[in-house]
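K.L.:
Would you mind keeping the following structure in view while I ask a few things?
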Amino acid sequence: MSALHKDAAIAVIGAGAMGAGIAQVAAQAGHPVALYDTREGAAAQAIAGIAKQLGKRVDAGKLDAAERDAVVARLTPAARLEDLAGSALVVEAIVENLEVKRGLFAQLEAICGDDCILASNTSSLSITSLAATLKRPERVAGLHFFNPAPVMALVEIVAGLASDKAITDCLYATAKAWGKKPVHTKSTPGFIVNRVARPFYAESLRLLQEGASDCASLDALLRDAGGFRMGAFELTDLIGHDVNYAVTCSVFNAYYGDFRFQPSLIQKELVDAGRFGRKSGRGFYDYA
Ligand code: NAD
């Protein structure tokens with residue numbers, strides 16, 4: 001199946017780190033994009049943030065001012081979920097919680113047209129389970145971008161048990177048309193990358209808990225000597241500890257409490273304290 005036409009309307013729900021990035025990617029590919037968030041003003045704020053970021057690229061001579069203006073003009077904050085009725089594709093990027101996502105998908109099923117594809121950017125939750133309570137689970141699939149979405153090439157196209165192959169093929173082709181490197185995967189806990197990445201976070205957190213070294217030294221070692229782009233502590237500060245902890249809990253529970261995926265009490269403390277990382281100004285490091 002071919003990619004969605006670039007004039008097709010895209011809706012992104014959740015204007016946080018991922019939703020804003022996905023909206024930017026779709027708008028850069030030429031789509032009109034509506035961005036919705038239950039937090040008042042969040043969608044408009046995210047669009048202003050995208051404009052500011054693209055402005056820096058214009059200042060650096062890497063982007064035409066006219067192109068920046070065209071991308072920003074394609075982004076619209078939506079006031080109500082009902083405003084997304086005409087979308088060809090809805091990408092959900094809200095909190096990593098199965099019940100909350102299921103509630104949203106039930107609302108979307110009632111609002112969106114029959115041809116609309118319902119995609120989730122979930123990092124770890126079961127697409128099969130997310131879709132199971134819907135009348136038409138076959139039009140649901142995972143469209144999992146990485147952080148930051150405008151920069152990271154990989155996109156996991158996740159098929160649940162009921163996902164229609166035509167839908168996952170269309171998402172694959174669309175992600176490719178958006179300049180990404182998609183990969184097909186089935187809905188296993190954490191899919192591919194978040195499954196493989198769990199031991200990276202978990203062992204780093206265990207080393208910290210056992211007092212082997214401090215965050216900065218461990219990050220520097222992994223980054224500078226180990227060849228990783230980022231160390232585990234700076235990376236989880238970027239991801240958000242609320243999100244990363246929820247993903248670990250989800251994978252741990254999905255594997256019936258397998259010790260390999262056990263969540264870290266150090267990370268739980270950060271979440272309990274509201275120290276989510278960069279987005280809250282403090283995590284393992286201070287960003288004030
Ligand atoms: P975030 O906390 O930055 O943003 C989530 C946004 O969703 C917030 O603005 C919040 O107000 C909004 N929201 C919450 N419930 C809502 C609802 N019912 N309806 C509309 N808006 C709602 O989170 P994020 O980091 O952008 O993560 C979003 C999703 O993307 C999660 O499923 C997460 O697992 C996944 N993800 C995150 C990363 C990452 O590195 N942070 C990477 C890939 C995927």
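For the structure tokens, the naming scheme is as follows: chains receive sequential letters (A, B, ...) according to their order of presentation, residues are indexed from 1 within each chain, and ligands are indexed from 1 in presentation order.
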I need the alpha helix (DSSP H) residues of segment 13-93 of chain A per DSSP on the backbone, written as a ChimeraX atom specification.
P.N.:
/A:17-28,42-59,65-73
K.L.:
How would the residues just picked look written out with N, CA and C atoms as a compact mmCIF listing (two decimals), in the first residue's frame?
P.N.:
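Contents of out.txt, freshly written:
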```txt
# COMPACT_ATOMS: atom_id res chain seq x y z
N ALA A 17 6.92 16.20 24.47
CA ALA A 17 8.16 16.04 23.72
C ALA A 17 7.93 15.30 22.41
N MET A 18 7.23 14.18 22.49
CA MET A 18 7.07 13.35 21.29
C MET A 18 6.03 13.89 20.33
N GLY A 19 4.88 14.29 20.86
CA GLY A 19 3.81 14.79 20.00
C GLY A 19 4.26 15.99 19.19
N ALA A 20 4.96 16.92 19.85
CA ALA A 20 5.44 18.12 19.15
C ALA A 20 6.41 17.71 18.03
N GLY A 21 7.29 16.78 18.35
CA GLY A 21 8.28 16.34 17.35
C GLY A 21 7.62 15.64 16.16
N ILE A 22 6.62 14.81 16.45
CA ILE A 22 5.93 14.08 15.37
C ILE A 22 5.14 15.06 14.50
N ALA A 23 4.50 16.03 15.15
CA ALA A 23 3.75 17.05 14.40
C ALA A 23 4.70 17.81 13.47
N GLN A 24 5.88 18.11 13.98
CA GLN A 24 6.87 18.82 13.15
C GLN A 24 7.29 17.98 11.93
N VAL A 25 7.53 16.71 12.17
CA VAL A 25 7.94 15.81 11.07
C VAL A 25 6.86 15.76 9.99
N ALA A 26 5.60 15.62 10.42
CA ALA A 26 4.50 15.51 9.44
C ALA A 26 4.31 16.83 8.69
N ALA A 27 4.44 17.95 9.40
CA ALA A 27 4.28 19.26 8.74
C ALA A 27 5.44 19.51 7.77
N GLN A 28 6.63 19.08 8.14
CA GLN A 28 7.78 19.25 7.24
C GLN A 28 7.60 18.42 5.96
N ALA A 42 -1.16 23.98 25.68
CA ALA A 42 0.02 23.15 25.40
C ALA A 42 0.29 23.03 23.90
N ALA A 43 -0.78 22.88 23.10
CA ALA A 43 -0.58 22.70 21.66
C ALA A 43 0.00 23.98 21.04
N ALA A 44 -0.57 25.13 21.41
CA ALA A 44 -0.07 26.41 20.87
C ALA A 44 1.37 26.63 21.31
N GLN A 45 1.66 26.28 22.56
CA GLN A 45 3.02 26.43 23.09
C GLN A 45 4.00 25.54 22.32
N ALA A 46 3.56 24.33 22.01
CA ALA A 46 4.43 23.40 21.27
C ALA A 46 4.71 23.95 19.86
N ILE A 47 3.69 24.50 19.24
CA ILE A 47 3.88 25.05 17.88
C ILE A 47 4.84 26.25 17.93
N ALA A 48 4.69 27.07 18.97
CA ALA A 48 5.61 28.21 19.13
C ALA A 48 7.05 27.70 19.32
N GLY A 49 7.17 26.60 20.05
CA GLY A 49 8.50 26.00 20.27
C GLY A 49 9.11 25.50 18.97
N ILE A 50 8.27 24.89 18.12
CA ILE A 50 8.75 24.39 16.82
C ILE A 50 9.21 25.58 15.97
N ALA A 51 8.39 26.66 15.97
CA ALA A 51 8.74 27.85 15.17
C ALA A 51 10.08 28.42 15.63
N LYS A 52 10.27 28.44 16.96
CA LYS A 52 11.52 28.99 17.51
C LYS A 52 12.73 28.14 17.09
N GLN A 53 12.52 26.84 17.18
CA GLN A 53 13.60 25.91 16.83
C GLN A 53 13.95 26.01 15.33
N LEU A 54 12.91 26.09 14.50
CA LEU A 54 13.17 26.22 13.06
C LEU A 54 13.81 27.58 12.76
N GLY A 55 13.44 28.60 13.55
CA GLY A 55 14.04 29.93 13.40
C GLY A 55 15.55 29.89 13.60
N LYS A 56 15.99 29.06 14.53
CA LYS A 56 17.44 28.92 14.78
C LYS A 56 18.13 28.35 13.55
N ARG A 57 17.42 27.43 12.86
CA ARG A 57 17.99 26.83 11.64
C ARG A 57 18.06 27.87 10.53
N VAL A 58 17.05 28.75 10.49
CA VAL A 58 17.05 29.83 9.49
C VAL A 58 18.26 30.75 9.78
N ASP A 59 18.42 31.12 11.05
CA ASP A 59 19.54 32.00 11.44
C ASP A 59 20.89 31.38 11.09
N ALA A 65 13.71 30.94 5.19
CA ALA A 65 12.67 31.54 6.05
C ALA A 65 11.28 31.19 5.51
N ALA A 66 11.15 31.15 4.16
CA ALA A 66 9.85 30.84 3.56
C ALA A 66 9.42 29.41 3.89
N GLU A 67 10.39 28.50 3.91
CA GLU A 67 10.09 27.10 4.23
C GLU A 67 9.67 26.99 5.71
N ARG A 68 10.39 27.72 6.57
CA ARG A 68 10.02 27.73 7.99
C ARG A 68 8.57 28.21 8.15
N ASP A 69 8.25 29.32 7.45
CA ASP A 69 6.89 29.88 7.56
C ASP A 69 5.84 28.89 7.05
N ALA A 70 6.18 28.18 5.97
CA ALA A 70 5.23 27.22 5.39
C ALA A 70 4.98 26.06 6.35
N VAL A 71 6.05 25.58 6.98
CA VAL A 71 5.91 24.46 7.94
C VAL A 71 5.04 24.91 9.11
N VAL A 72 5.35 26.08 9.65
CA VAL A 72 4.61 26.56 10.83
C VAL A 72 3.14 26.80 10.47
N ALA A 73 2.89 27.30 9.24
CA ALA A 73 1.50 27.58 8.81
C ALA A 73 0.68 26.29 8.69
```
K.L.:
Give the residue list for ligand 1 at 9 Å, counting only C-alpha atoms and all ligand atoms, as a count of residues only, sorted by chain and then by residue number.
P.N.:
53
K.L.:
Go through A:Pro263, A:Gly281, A:Gly274, A:Gly113 one by one, measure the shortest atom-to-atom distance of each to Pro199 of chain A using only C-alpha atoms, and give the residue with the smallest value.
P.N.:
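Selected residue with least distance to Pro199 of chain A: A:Pro263.
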K.L.:
Using only C-alpha atoms, which protein or nucleic acid residues come within 8 Å of Ala153 of chain A? Drop anything in the same chain fewer than 3 positions from it, and give the result as a tab-separated table (two decimals) with N, CA and C atoms, in the first residue's frame.
P.N.:
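File written: part_25.tsv
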```tsv
chain	number	residue	atom	x	y	z
A	146	PHE	N	11.32	7.90	17.78
A	146	PHE	CA	12.31	8.02	18.86
A	146	PHE	C	12.60	9.49	19.12
A	149	ALA	N	12.01	13.27	17.75
A	149	ALA	CA	11.44	12.71	16.51
A	149	ALA	C	11.95	13.38	15.23
A	150	PRO	N	12.18	14.70	15.21
A	150	PRO	CA	12.66	15.29	13.95
A	150	PRO	C	14.09	14.86	13.59
A	179	GLY	N	10.89	10.67	5.37
A	179	GLY	CA	12.35	10.69	5.52
A	179	GLY	C	12.87	9.80	6.62
A	180	LYS	N	12.01	8.91	7.13
A	180	LYS	CA	12.43	8.06	8.25
A	180	LYS	C	12.85	6.67	7.76
A	181	LYS	N	13.45	5.90	8.70
A	181	LYS	CA	13.83	4.52	8.40
A	181	LYS	C	12.90	3.62	9.21
A	182	PRO	N	11.77	3.20	8.60
A	182	PRO	CA	10.83	2.37	9.36
A	182	PRO	C	11.27	0.92	9.43
```
K.L.:
So which one's closest to Gly283 of chain A, A:Leu171, A:Gln267, A:His184, A:Val196? Using only C-alpha atoms, please.
P.N.:
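Distance minimum relative to Gly283 of chain A lands on A:Gln267.
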K.L.:
So which residues touch Glu203 of chain A within 12 Å, counting only C-alpha atoms, skipping near sequence neighbours fewer than 6 positions away, as a ChimeraX atom specification?
P.N.:
/A:197,209-210,212,218,222,231-233,259-264
K.L.:
Just list the residues in segment 88-287 of chain A DSSP gives strand (DSSP E or B) on the backbone, as a list of chain:residue names.
P.N.:
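Output for segment 88-287 of chain A, strand (DSSP E or B) only: A:Leu89, A:Val90, A:Val91, A:Glu92, A:Ile117, A:Leu118, A:Ala119, A:Ser120, A:Val140, A:Ala141, A:Gly142, A:Leu143, A:His144, A:Phe145, A:Leu154, A:Val155, A:Glu156, A:Ile157, A:Val158, A:Ala159, A:Lys181, A:Pro182, A:Val183, A:His184, A:Thr185, A:Lys186, A:Gly277, A:Arg282, A:Asp286.
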K.L.:
When you count only C-alpha atoms, which of these residues is closest to Asp7 of chain A: A:Thr76, A:Leu130, A:Ser87, A:Lys176?
P.N.:
A:Ser87
K.L.:
Using atom CA of Ala159 of chain A and atom CA of Ile192 of chain A as the two end points, give the distance in Å to one decimal.
P.N.:
12.3 Å
K.L.:
Calculated over only C-alpha atoms, which of the candidates A:His31, A:Asp169, A:Glu234, A:Phe252 has the smallest distance to Arg278 of chain A?
P.N.:
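Checking each of A:His31, A:Asp169, A:Glu234, A:Phe252 against Arg278 of chain A, counting only C-alpha atoms, the winner is A:Glu234.
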K.L.:
With only C-alpha atoms as the basis for distance, which of A:Arg80, A:His5, A:Arg74, A:Lys186 is at the shortest distance from Ile127 of chain A?
P.N.:
A:Lys186
K.L.:
Set the distance at 10 Å and use only C-alpha atoms: which residues neighbour Ala119 of chain A once local chain neighbours fewer than 3 positions away are removed? I'd like the list as a PyMOL selection string.
P.N.:
chain A and resi 12+89-93+105+116+122+127+131+139-144+157-158+167-168+171
K.L.:
Rank A:Val251, A:Leu221, A:Ala60, A:Ala175 by their smallest atom-to-atom distance to Ala29 of chain A, using only C-alpha atoms, and report the top residue only.
P.N.:
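Checking each of A:Val251, A:Leu221, A:Ala60, A:Ala175 against Ala29 of chain A, counting only C-alpha atoms, the winner is A:Ala175.
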